[in-house]
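Source file: model-v5.cif (mmCIF, C-alpha atoms and all ligand atoms)
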```cif
data_final
#
loop_
_atom_site.label_atom_id
_atom_site.label_comp_id
_atom_site.auth_asym_id
_atom_site.auth_seq_id
_atom_site.Cartn_x
_atom_site.Cartn_y
_atom_site.Cartn_z
CA MET A 1 163.82 78.87 83.73
CA THR A 2 162.64 80.81 80.73
CA ALA A 3 162.92 78.69 77.63
CA VAL A 4 165.58 79.74 75.14
CA PRO A 5 163.82 80.89 71.95
CA ALA A 6 164.02 78.42 69.07
CA GLU A 7 165.65 81.01 66.83
CA THR A 8 168.49 82.31 68.90
CA PRO A 9 169.97 85.54 67.50
CA ALA A 10 173.68 85.53 66.56
CA THR A 11 174.63 87.67 69.56
CA ASP A 12 172.48 86.25 72.27
CA ASP A 13 173.35 88.55 75.15
CA LEU A 14 171.08 88.20 78.14
CA LEU A 15 172.70 91.28 79.69
CA ARG A 16 174.20 94.34 78.02
CA VAL A 17 175.61 97.32 79.86
CA GLU A 18 176.24 100.41 77.72
CA GLY A 19 178.21 103.47 78.83
CA LEU A 20 177.08 103.00 82.41
CA LYS A 21 178.00 105.69 84.95
CA VAL A 22 177.04 105.92 88.61
CA HIS A 23 178.22 109.12 90.29
CA PHE A 24 177.30 109.58 93.95
CA PRO A 25 176.98 113.21 95.08
CA ILE A 26 179.19 114.24 98.00
CA LYS A 27 177.08 116.48 100.24
CA ARG A 28 178.30 118.99 102.82
CA GLY A 29 176.59 121.48 105.10
CA ILE A 30 174.28 121.32 108.09
CA PHE A 31 171.33 120.19 106.00
CA PHE A 32 173.42 118.08 103.61
CA ASP A 33 172.10 120.08 100.73
CA ARG A 34 175.28 121.32 99.10
CA THR A 35 176.92 119.03 96.54
CA ILE A 36 180.65 119.63 96.61
CA GLY A 37 181.68 116.85 94.23
CA HIS A 38 180.92 113.34 93.04
CA VAL A 39 182.29 109.88 93.76
CA LYS A 40 182.63 108.42 90.28
CA ALA A 41 182.02 104.85 91.44
CA VAL A 42 181.25 103.58 87.93
CA ASP A 43 182.46 105.78 85.13
CA GLY A 44 181.62 104.47 81.70
CA VAL A 45 181.37 100.67 81.58
CA ASP A 46 180.33 98.60 78.55
CA LEU A 47 179.97 94.86 78.82
CA ALA A 48 177.87 92.02 77.50
CA VAL A 49 177.05 88.63 79.00
CA PRO A 50 175.81 85.97 76.57
CA ARG A 51 173.03 83.72 77.80
CA GLY A 52 174.29 80.74 79.80
CA SER A 53 177.80 82.16 80.27
CA THR A 54 179.73 83.62 83.21
CA TYR A 55 181.33 87.04 83.26
CA GLY A 56 183.87 87.49 86.06
CA LEU A 57 184.42 91.06 87.25
CA VAL A 58 187.58 91.70 89.27
CA GLY A 59 189.39 94.66 90.76
CA GLU A 60 190.56 96.13 94.03
CA SER A 61 188.09 96.93 96.77
CA GLY A 62 186.50 100.31 96.06
CA CYS A 63 186.87 100.20 92.27
CA GLY A 64 183.09 100.13 91.70
CA LYS A 65 182.22 96.44 91.26
CA SER A 66 179.31 96.30 93.71
CA THR A 67 177.91 99.61 92.47
CA LEU A 68 177.94 98.23 88.93
CA GLY A 69 176.08 95.10 90.09
CA ARG A 70 173.55 97.18 92.00
CA ALA A 71 172.99 99.51 89.05
CA ILE A 72 172.26 96.52 86.81
CA LEU A 73 169.55 95.45 89.25
CA ARG A 74 168.39 99.07 89.54
CA LEU A 75 169.07 99.15 93.25
CA VAL A 76 170.94 102.39 92.50
CA GLU A 77 169.96 104.67 89.64
CA PRO A 78 172.58 105.06 86.91
CA THR A 79 173.74 108.61 86.24
CA GLU A 80 174.20 107.81 82.56
CA GLY A 81 174.09 104.84 80.21
CA ARG A 82 171.81 101.86 79.75
CA VAL A 83 171.26 98.37 81.10
CA LEU A 84 169.56 96.02 78.65
CA PHE A 85 168.21 92.83 80.12
CA ASP A 86 167.06 90.36 77.50
CA GLY A 87 166.86 93.26 75.05
CA THR A 88 164.75 95.50 77.32
CA ASP A 89 166.00 98.78 78.76
CA VAL A 90 165.68 98.24 82.51
CA ALA A 91 165.28 101.99 83.19
CA ALA A 92 162.08 102.10 81.15
CA LEU A 93 160.31 99.53 83.35
CA LYS A 94 157.81 100.36 86.07
CA GLY A 95 155.21 98.49 88.11
CA GLU A 96 154.52 94.89 87.10
CA PRO A 97 157.12 94.66 84.28
CA LEU A 98 159.83 95.94 86.71
CA ARG A 99 158.70 93.42 89.31
CA HIS A 100 158.87 90.65 86.74
CA MET A 101 162.32 91.73 85.56
CA ARG A 102 163.59 91.74 89.17
CA GLN A 103 162.28 88.25 89.56
CA ARG A 104 164.47 87.19 86.63
CA MET A 105 167.65 88.81 88.05
CA GLN A 106 168.73 87.83 91.53
CA MET A 107 171.71 88.63 93.71
CA VAL A 108 173.90 86.44 95.91
CA PHE A 109 175.71 88.43 98.59
CA GLN A 110 179.09 88.13 100.27
CA ASP A 111 177.69 87.80 103.76
CA PRO A 112 174.67 85.52 103.84
CA LEU A 113 174.18 86.22 107.55
CA GLY A 114 173.67 89.88 106.78
CA SER A 115 171.27 89.24 103.92
CA LEU A 116 169.15 86.47 105.51
CA ASP A 117 166.58 87.48 108.13
CA PRO A 118 167.85 85.83 111.38
CA ARG A 119 164.30 85.43 112.72
CA GLN A 120 163.13 83.23 109.86
CA ASN A 121 163.94 79.55 109.60
CA VAL A 122 165.13 78.12 106.30
CA GLU A 123 161.69 76.92 105.29
CA SER A 124 160.26 80.39 105.78
CA LEU A 125 163.24 82.06 104.05
CA LEU A 126 162.80 79.93 100.97
CA SER A 127 159.01 79.92 100.79
CA GLU A 128 158.49 83.64 101.43
CA PRO A 129 159.53 84.84 97.95
CA LEU A 130 157.25 82.23 96.36
CA ARG A 131 154.27 83.32 98.46
CA ALA A 132 155.01 87.01 97.85
CA HIS A 133 154.91 86.41 94.10
CA GLY A 134 151.93 84.05 94.24
CA LEU A 135 154.10 81.23 92.85
CA GLY A 136 154.71 77.63 93.79
CA GLY A 137 151.08 76.43 93.55
CA GLY A 138 149.73 76.42 97.12
CA THR A 139 151.15 75.05 100.36
CA ALA A 140 151.93 71.52 99.12
CA GLY A 141 153.52 72.84 95.92
CA ILE A 142 155.65 75.35 97.83
CA ALA A 143 156.81 72.69 100.32
CA GLU A 144 157.88 70.45 97.45
CA LYS A 145 159.63 73.28 95.68
CA VAL A 146 161.49 74.29 98.86
CA ARG A 147 162.70 70.70 99.38
CA GLY A 148 163.85 70.65 95.76
CA LEU A 149 165.81 73.88 96.26
CA LEU A 150 167.54 72.53 99.37
CA ASP A 151 168.43 69.39 97.53
CA ALA A 152 169.81 71.40 94.59
CA VAL A 153 172.22 73.27 96.89
CA GLY A 154 173.25 70.10 98.73
CA LEU A 155 171.51 70.60 102.08
CA PRO A 156 169.38 67.95 103.86
CA SER A 157 165.69 68.58 104.47
CA ALA A 158 166.45 68.62 108.21
CA ALA A 159 167.82 72.13 107.53
CA LEU A 160 164.27 73.43 107.02
CA ARG A 161 163.53 73.97 110.70
CA ARG A 162 166.83 75.62 111.50
CA TYR A 163 167.85 79.28 111.55
CA PRO A 164 170.69 80.97 109.62
CA HIS A 165 172.99 81.33 112.67
CA GLU A 166 172.92 77.55 113.23
CA PHE A 167 174.83 76.90 109.99
CA SER A 168 178.48 77.18 108.99
CA GLY A 169 179.53 79.93 106.57
CA GLY A 170 179.55 77.59 103.58
CA GLN A 171 176.13 76.16 104.42
CA ARG A 172 174.75 79.65 104.90
CA GLN A 173 175.98 80.62 101.46
CA ARG A 174 174.18 77.56 100.11
CA ILE A 175 170.99 78.88 101.72
CA GLY A 176 171.68 82.30 100.18
CA ILE A 177 172.03 80.66 96.76
CA ALA A 178 168.86 78.61 97.27
CA ARG A 179 166.99 81.76 98.18
CA ALA A 180 168.26 83.53 95.08
CA LEU A 181 166.99 80.60 93.01
CA THR A 182 163.45 80.48 94.46
CA LEU A 183 161.96 82.63 91.70
CA GLU A 184 163.76 80.73 88.92
CA PRO A 185 165.89 83.66 87.75
CA ASP A 186 167.79 83.77 84.46
CA LEU A 187 170.63 85.94 85.76
CA LEU A 188 172.50 85.65 89.05
CA ILE A 189 174.74 88.48 90.16
CA ALA A 190 177.04 87.01 92.80
CA ASP A 191 178.87 89.80 94.64
CA GLU A 192 181.94 88.34 96.39
CA PRO A 193 180.04 85.07 96.91
CA VAL A 194 182.95 83.26 98.58
CA SER A 195 185.09 86.07 100.03
CA ALA A 196 183.91 85.38 103.57
CA LEU A 197 184.64 81.63 103.36
CA ASP A 198 187.69 79.46 104.00
CA VAL A 199 189.61 78.54 100.86
CA SER A 200 188.51 74.87 100.94
CA VAL A 201 184.86 75.87 101.29
CA GLN A 202 185.26 78.51 98.55
CA ALA A 203 185.94 75.79 96.00
CA GLN A 204 182.85 73.82 97.05
CA VAL A 205 180.58 76.83 96.69
CA LEU A 206 182.12 77.76 93.32
CA ASN A 207 181.61 74.17 92.14
CA LEU A 208 178.01 74.32 93.27
CA LEU A 209 177.46 77.53 91.29
CA GLU A 210 178.94 75.94 88.18
CA GLU A 211 176.84 72.82 88.58
CA LEU A 212 173.67 74.88 89.01
CA GLN A 213 174.54 76.93 85.97
CA GLN A 214 174.81 73.84 83.82
CA ARG A 215 171.68 72.26 85.23
CA LEU A 216 169.49 75.35 85.11
CA GLY A 217 170.99 77.24 82.16
CA LEU A 218 171.78 80.26 84.34
CA THR A 219 173.76 83.32 83.29
CA PHE A 220 176.21 84.66 85.88
CA LEU A 221 177.95 87.88 86.71
CA VAL A 222 180.46 86.93 89.39
CA ILE A 223 182.15 89.79 91.23
CA ALA A 224 185.33 89.28 93.25
CA HIS A 225 188.40 91.20 94.39
CA ASP A 226 190.39 87.98 94.11
CA LEU A 227 191.52 86.88 90.65
CA ALA A 228 191.78 83.27 91.75
CA VAL A 229 188.06 83.16 92.55
CA VAL A 230 186.81 84.06 89.07
CA ARG A 231 189.49 82.18 87.16
CA HIS A 232 187.84 78.80 86.74
CA ILE A 233 184.22 79.79 86.83
CA SER A 234 184.38 82.56 84.18
CA ASP A 235 184.18 82.45 80.41
CA VAL A 236 185.18 86.09 80.14
CA VAL A 237 186.90 88.22 82.76
CA GLY A 238 186.73 92.01 83.03
CA VAL A 239 189.28 93.88 85.13
CA MET A 240 188.09 97.13 86.70
CA TYR A 241 190.19 100.02 87.93
CA LEU A 242 188.66 103.19 89.41
CA GLY A 243 185.23 102.81 87.85
CA SER A 244 186.24 101.62 84.36
CA LEU A 245 187.22 98.40 82.65
CA VAL A 246 190.94 98.34 81.80
CA GLU A 247 190.98 94.88 80.26
CA GLN A 248 188.54 92.21 79.13
CA ALA A 249 189.43 88.81 77.74
CA PRO A 250 188.44 85.15 77.61
CA ALA A 251 189.47 83.83 81.05
CA ASP A 252 192.23 81.49 79.83
CA ASP A 253 193.85 84.17 77.65
CA LEU A 254 193.80 86.70 80.45
CA TYR A 255 195.56 84.41 82.91
CA GLU A 256 198.03 83.18 80.32
CA GLN A 257 199.01 86.60 79.05
CA PRO A 258 197.63 89.61 80.89
CA LEU A 259 198.08 92.68 78.68
CA HIS A 260 197.21 95.70 80.78
CA PRO A 261 199.86 96.84 83.29
CA TYR A 262 197.28 96.77 86.09
CA THR A 263 196.22 93.21 85.28
CA ARG A 264 199.88 92.21 85.06
CA SER A 265 200.54 93.57 88.53
CA LEU A 266 197.43 91.87 89.98
CA MET A 267 198.41 88.60 88.35
CA SER A 268 201.94 88.82 89.68
CA ALA A 269 200.52 88.78 93.21
CA VAL A 270 198.61 85.49 92.77
CA PRO A 271 200.64 82.70 94.43
CA VAL A 272 201.67 79.75 92.23
CA PRO A 273 201.33 76.21 93.71
CA ASP A 274 204.70 75.04 92.31
CA PRO A 275 207.32 76.08 94.94
CA VAL A 276 210.09 76.47 92.33
CA VAL A 277 207.99 78.70 90.12
CA GLU A 278 206.69 80.52 93.19
CA GLU A 279 210.24 81.26 94.32
CA SER A 280 211.24 82.80 90.98
CA ARG A 281 207.91 84.53 90.36
CA GLU A 282 208.22 88.16 89.39
CA ARG A 283 206.12 90.35 91.65
CA ILE A 284 205.15 93.73 90.31
CA LEU A 285 204.76 96.19 93.14
CA LEU A 286 202.71 99.27 92.62
CA ALA A 287 203.49 102.74 93.84
CA GLY A 288 200.89 104.44 96.03
CA ASP A 289 197.34 103.59 97.05
CA LEU A 290 194.21 103.43 94.93
CA PRO A 291 193.44 107.09 94.14
CA SER A 292 190.08 108.49 95.26
CA PRO A 293 187.21 107.93 92.80
CA ALA A 294 186.08 111.45 93.77
CA ASN A 295 189.20 112.85 92.16
CA PRO A 296 190.54 110.31 89.66
CA PRO A 297 193.88 110.99 87.91
CA SER A 298 193.78 112.66 84.49
CA GLY A 299 194.56 110.81 81.26
CA CYS A 300 195.06 107.11 82.00
CA ARG A 301 193.68 106.63 85.50
CA PHE A 302 196.41 104.14 86.25
CA HIS A 303 199.27 106.53 85.41
CA THR A 304 200.02 107.42 89.05
CA ARG A 305 200.96 103.79 89.75
CA CYS A 306 201.88 102.33 86.38
CA PRO A 307 205.40 100.89 86.05
CA TRP A 308 205.24 101.38 82.25
CA ARG A 309 204.01 105.01 82.30
CA GLN A 310 205.45 107.07 79.44
CA GLU A 311 206.18 110.79 79.21
CA THR A 312 203.73 111.17 76.35
CA ARG A 313 199.99 110.42 76.33
CA CYS A 314 199.69 108.58 79.69
CA ASP A 315 199.10 111.66 81.89
CA ASP A 316 196.73 113.59 79.67
CA GLU A 317 195.05 111.31 77.13
CA VAL A 318 192.33 108.88 78.20
CA PRO A 319 193.08 105.47 76.62
CA LEU A 320 190.11 103.81 74.90
CA LEU A 321 189.21 100.20 75.57
CA ARG A 322 190.28 98.80 72.21
CA GLU A 323 190.54 95.35 70.64
CA LEU A 324 194.16 94.22 70.54
CA ALA A 325 193.39 90.67 69.40
CA PRO A 326 190.07 88.88 68.84
CA GLY A 327 188.06 89.11 72.07
CA ARG A 328 190.89 90.91 73.87
CA LEU A 329 190.11 94.46 74.94
CA VAL A 330 192.74 96.66 76.60
CA SER A 331 192.77 100.33 77.57
CA CYS A 332 196.45 101.24 77.41
CA HIS A 333 198.18 103.53 74.90
CA TRP A 334 201.26 101.32 74.93
CA ALA A 335 199.70 97.85 75.08
CA GLU A 336 201.45 96.55 71.92
CA GLU A 337 204.87 97.83 72.98
CA ILE A 338 204.44 96.37 76.47
CA ARG A 339 203.25 93.03 75.11
CA ASP A 340 206.17 92.85 72.67
CA GLY A 341 208.72 93.74 75.34
CA VAL A 342 209.71 96.99 73.60
CA LEU A 343 208.95 98.97 76.73
CA HIS A 344 210.24 97.92 80.12
CA PRO A 345 208.74 98.56 83.54
CA LYS A 346 210.27 100.99 85.98
CA SER A 347 210.90 99.83 89.50
CA PRO A 348 208.25 100.82 92.04
CA ASP A 349 210.81 103.07 93.74
CA GLU A 350 211.35 104.98 90.51
CA VAL A 351 207.59 105.35 89.97
CA ALA A 352 207.13 106.36 93.61
CA ALA A 353 209.91 108.95 93.34
CA THR A 354 208.30 110.47 90.22
CA MET A 355 204.87 110.55 91.83
CA GLY A 356 205.99 111.40 95.36
CA VAL A 357 204.24 108.39 96.92
CA SER A 358 205.16 105.15 98.72
CA VAL A 359 205.32 101.59 97.35
CA ARG A 360 202.78 98.93 98.18
CA ALA A 361 202.05 95.40 97.00
CA THR A 362 198.92 94.60 95.03
CA GLY A 363 196.99 91.37 95.18
CA ALA A 364 194.88 89.47 97.65
CA GLU A 365 197.12 90.07 100.62
CA ALA A 366 197.15 93.80 100.05
CA PHE A 367 193.46 94.30 99.32
CA GLU A 368 191.49 96.00 101.99
CA THR A 369 188.31 94.39 103.19
CA ASP A 370 184.98 95.48 101.86
CA ALA A 371 184.21 97.02 105.26
CA LEU A 372 183.80 100.39 103.59
CA VAL A 373 180.83 99.26 101.64
CA GLN A 374 179.29 96.61 103.85
CA GLY A 375 175.81 97.65 104.77
CA VAL A 376 175.30 99.16 101.34
CA ASP A 377 174.40 95.68 100.06
CA GLN A 378 170.74 95.08 100.74
CA PRO A 379 168.54 92.17 99.65
CA ILE A 380 166.61 92.93 96.50
CA GLU A 381 163.51 94.89 97.36
CA ARG A 382 160.43 93.02 96.39
CA THR A 383 157.98 95.62 95.19
N1 LIG B 401 175.81 104.75 98.33
C1 LIG B 401 177.01 105.29 98.16
N2 LIG B 401 177.22 106.62 98.38
C2 LIG B 401 178.43 107.18 98.18
N3 LIG B 401 179.53 106.51 97.78
C3 LIG B 401 179.39 105.18 97.57
C4 LIG B 401 178.13 104.50 97.74
N4 LIG B 401 178.33 103.18 97.45
C5 LIG B 401 179.62 103.05 97.11
N5 LIG B 401 180.27 104.24 97.18
C6 LIG B 401 181.66 104.51 96.84
O1 LIG B 401 181.86 104.13 95.50
C7 LIG B 401 183.13 103.54 95.32
C8 LIG B 401 182.96 102.15 94.73
O2 LIG B 401 182.37 101.32 95.72
P1 LIG B 401 181.94 99.82 95.43
O3 LIG B 401 181.12 99.78 94.20
O4 LIG B 401 181.33 99.29 96.66
O5 LIG B 401 183.35 99.12 95.14
P2 LIG B 401 183.79 97.58 95.21
O6 LIG B 401 182.56 96.75 95.25
O7 LIG B 401 184.62 97.39 93.99
O8 LIG B 401 184.60 97.43 96.46
C9 LIG B 401 183.81 103.54 96.69
O9 LIG B 401 184.63 104.68 96.75
C10 LIG B 401 182.64 103.66 97.64
O10 LIG B 401 183.04 104.30 98.83
S1 LIG B 402 198.33 104.15 79.21
FE1 LIG B 402 200.31 104.55 80.14
S2 LIG B 402 199.90 104.75 82.34
FE2 LIG B 402 198.12 103.80 81.40
S3 LIG B 402 198.45 101.64 81.64
FE3 LIG B 402 199.26 102.16 79.64
S4 LIG B 402 201.43 102.62 79.98
FE4 LIG B 402 200.42 102.63 81.98
MG MG B 403 182.00 95.28 96.65
#
```
Would you write out, as C-alpha cells, the structure that this file holds?
Ligand SMILES: Nc1ncnc2c1ncn2[C@@H]1O[C@H](COP(=O)(O)OP(=O)(O)O)[C@@H](O)[C@H]1O
Ligand code: SF4
Ligand SMILES: [Mg+2]
Amino acid sequence: MTAVPAETPATDDLLRVEGLKVHFPIKRGIFFDRTIGHVKAVDGVDLAVPRGSTYGLVGESGCGKSTLGRAILRLVEPTEGRVLFDGTDVAALKGEPLRHMRQRMQMVFQDPLGSLDPRQNVESLLSEPLRAHGLGGGTAGIAEKVRGLLDAVGLPSAALRRYPHEFSGGQRQRIGIARALTLEPDLLIADEPVSALDVSVQAQVLNLLEELQQRLGLTFLVIAHDLAVVRHISDVVGVMYLGSLVEQAPADDLYEQPLHPYTRSLMSAVPVPDPVVEESRERILLAGDLPSPANPPSGCRFHTRCPWRQETRCDDEVPLLRELAPGRLVSCHWAEEIRDGVLHPKSPDEVAATMGVSVRATGAEAFETDALVQGVDQPIERT
C-alpha cells in the first residue's frame, strides 16, 4: 500500500468525481454513422471518497452505476467532468503514469467466472499481473506473494493448482478479490461484488472486504442495486436515479431517515427481520417503470413516479443536490416539507392515473437483472 503522507490534508479524498457525464451515442443507419440521440448513462455526478473509507452507490439496474465505475477507471471516456485520483486528473494521464494509476485502482466484478480466464489456474491468475508489471521480485518472491494473497482471502494453498470453474461462487469471488489485490491498489471499485451469491455467502464476502480494508488501509467504492448489501459496509451511501445522485448521506442516517422520495420507496421494499414490524411495514409502490436514460423526464427526473410530486416546480425545474443537514444531500424541491410531514404521498394508483402508467413495486424483488449490461464489464486492460 502507498504510505499515507505524514501531513494529511484536512479533506483527504483519495477519489473525487466532479460533474461527471457519460453520454453514449445512439447510432442508426447501415453504416452506424448517424447519431440519433444519446443514452445519458451518467449525467452530472459529484462525489468524494476519503482515504480509507467506503462509499456505497445504490440504485436500480440501468441507472448508471457501472458506467460511473468504469468512467472512474477510464475504461469509458467521460463526456464531461473530471475524475481526480489522489489529486491528479485521470484524463490528463498517458503512458507510464496512466499505467501506474491503473495499478492503484482495481475493480472487482459481479461475475468472477466471466472476469477470470478459465484456462489459467489460480497460481497463474494471481502471478500474471505481478509478472506483467515486473513486480514481486522474481519467481520465489512471486510464489510467496501469491500464497500470501490466497491466505488473505481465506483460501488454502491447495487452491493454487485448480481452475476457476472448480470453485463455488463465493470462493471464486475470493479469487477475484485476491486478483484485484495483486498490485497492492489503494482503491477498489467493487461492482455488484455479491449479487451473484447466496445471501449467506454474501455476508462472508462482505466481511472479507471489510477485514481487508482495515488490514490494508484500502478505499472502496461499492456498487450494488440492493440497499441491504451496502448498508453495513459503507460510511457514506449515494443513491442514484437515472444518471444522477438524488441523495447522499452517512449510511446510518440514510437508513434511519431516508429523505428523498425515491430513497424512501427503495427503503420501504427492504424486508425487516422482525415479523411484527414486517407485517405493519409501509410499502411505497411506484408508478411506472424506470424511464429511458435516452429520454429522461424534464424537471425532477423522478416526477413521473414520485408519490409526493407537486403541481409546481417538480415537472419543469431541475432540483439541485443541496445540503439539508450536515452531510445530508438531497435533490428534491420539497424535501423539508416531506420530512416534516407537511406534504403527504399520493397512492400509486393516483400517480399512475395522472401519468397514464401502471403501478409496480420497487426494491430487490422488482429489480431486473443486470443482463442488459453483462458483457460490458471487462477486466481492466493492462497497457
Ligand atoms: N457501452 C454502452 N453503450 C450504450 N449504452 C450503454 C453502454 N453501457 C451502458 N449503457 C446504458 O447506460 C445505462 C446505464 O447502464 P449501467 O451503467 O450499466 O447501469 P447499472 O450499472 O446501474 O445497471 C443503461 O441504459 C445501459 O443500457
Ligand atoms: S422534486 Fe418533486 S417529483 Fe422530485 S422527488 Fe421531490 S417531490 Fe418528488
Ligand atoms: Mg451495473
Using Å and a single decimal, report how far atom CA of A:Ile189 sits from atom CA of A:Arg82.
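Calculated distance between atom CA of A:Arg82 and atom CA of A:Ile189 is 17.2 Å.
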Please identify the residues whose atoms come within 6 Å of ligand LIG 401 (chain B), using only C-alpha atoms and all ligand atoms, and report them as an mmCIF file with C-alpha atoms, in the coordinates of the input.
```cif
data_model
loop_
_atom_site.group_PDB
_atom_site.id
_atom_site.type_symbol
_atom_site.label_atom_id
_atom_site.label_comp_id
_atom_site.auth_asym_id
_atom_site.auth_seq_id
_atom_site.Cartn_x
_atom_site.Cartn_y
_atom_site.Cartn_z
ATOM 1 C CA PHE A 24 177.300 109.580 93.950
ATOM 2 C CA VAL A 39 182.290 109.880 93.760
ATOM 3 C CA ALA A 41 182.020 104.850 91.440
ATOM 4 C CA SER A 61 188.090 96.930 96.770
ATOM 5 C CA GLY A 62 186.500 100.310 96.060
ATOM 6 C CA CYS A 63 186.870 100.200 92.270
ATOM 7 C CA GLY A 64 183.090 100.130 91.700
ATOM 8 C CA LYS A 65 182.220 96.440 91.260
ATOM 9 C CA SER A 66 179.310 96.300 93.710
ATOM 10 C CA THR A 67 177.910 99.610 92.470
ATOM 11 C CA PRO A 293 187.210 107.930 92.800
ATOM 12 C CA ASP A 370 184.980 95.480 101.860
ATOM 13 C CA VAL A 373 180.830 99.260 101.640
#
```
So how far away is atom CA of A:Gly56 from atom CA of A:Leu343, in Å?
29.1 Å
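Only residues having an atom at most 10 Å from (198.7, 106.0, 77.9) are included; using only C-alpha atoms, these are Gly299, Cys300, Arg301, Phe302, His303, Cys306, Trp308, Arg309, Gln310, Glu311, Thr312, Arg313, Cys314, Asp315, Asp316, Glu317, Val318, Pro319, Leu320, Ser331, Cys332, His333, Trp334 and Ala335 of chain A.
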At most 12 Å from (202.4, 81.2, 96.8), file frame, all atoms listed in the file: which residues, as a ChimeraX atom specification?
/A:228,267-283,363-365
From the options A:Leu187, A:Leu73, A:Leu57, A:Thr35, which residue's atoms come nearest to A:Val230, counting all atoms listed in the file?
A:Leu57
Please determine, counting all atoms listed in the file, which residue among A:Gly37, A:Pro78, A:Pro118, A:Gly169 has the shortest atom-to-atom distance to A:Gln204.
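Answer, going by the shortest atom-to-atom distance: A:Gly169.
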Centre and edges of the stretch 65-70 of chain A box, axis-aligned, 5 Å extra per side, as AutoDock Vina command-line options:
```
--center_x 177.9 --center_y 97.4 --center_z 91.3 --size_x 18.7 --size_y 14.5 --size_z 14.8
```
Straight-line distance linking atom CA of A:Asn207 with atom CA of A:Tyr255, stated in Å to one decimal
19.6 Å
Nearest to A:Lys346 among A:Ile284, A:Ala178, A:Val58, A:Leu84, with distances taken over all atoms listed in the file: which residue is it?
A:Ile284
Would you mind listing what lies within 9 Å of stretch 209-224 of chain A as an NGL selection string, with all atoms listed in the file counted and same-chain residues fewer than 2 positions away left out?
:A and (1 or 14-15 or 49-61 or 65-66 or 69 or 152-153 or 177 or 184-195 or 204-207 or 226-230 or 233-234)
Nearest candidate to ligand MG 403 (chain B) (options A:Ser127, A:Gln110, A:Asn295, A:Gln103; using only C-alpha atoms and all ligand atoms):
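Closest to ligand MG 403 (chain B), using only C-alpha atoms and all ligand atoms: A:Gln110.
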From the set A:Lys21, A:Arg231, A:Lys40, A:His260, which residue has the shortest atom-to-atom contact distance to A:Glu247, counting only C-alpha atoms?
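Ranked by minimum distance to A:Glu247, first place goes to A:His260.
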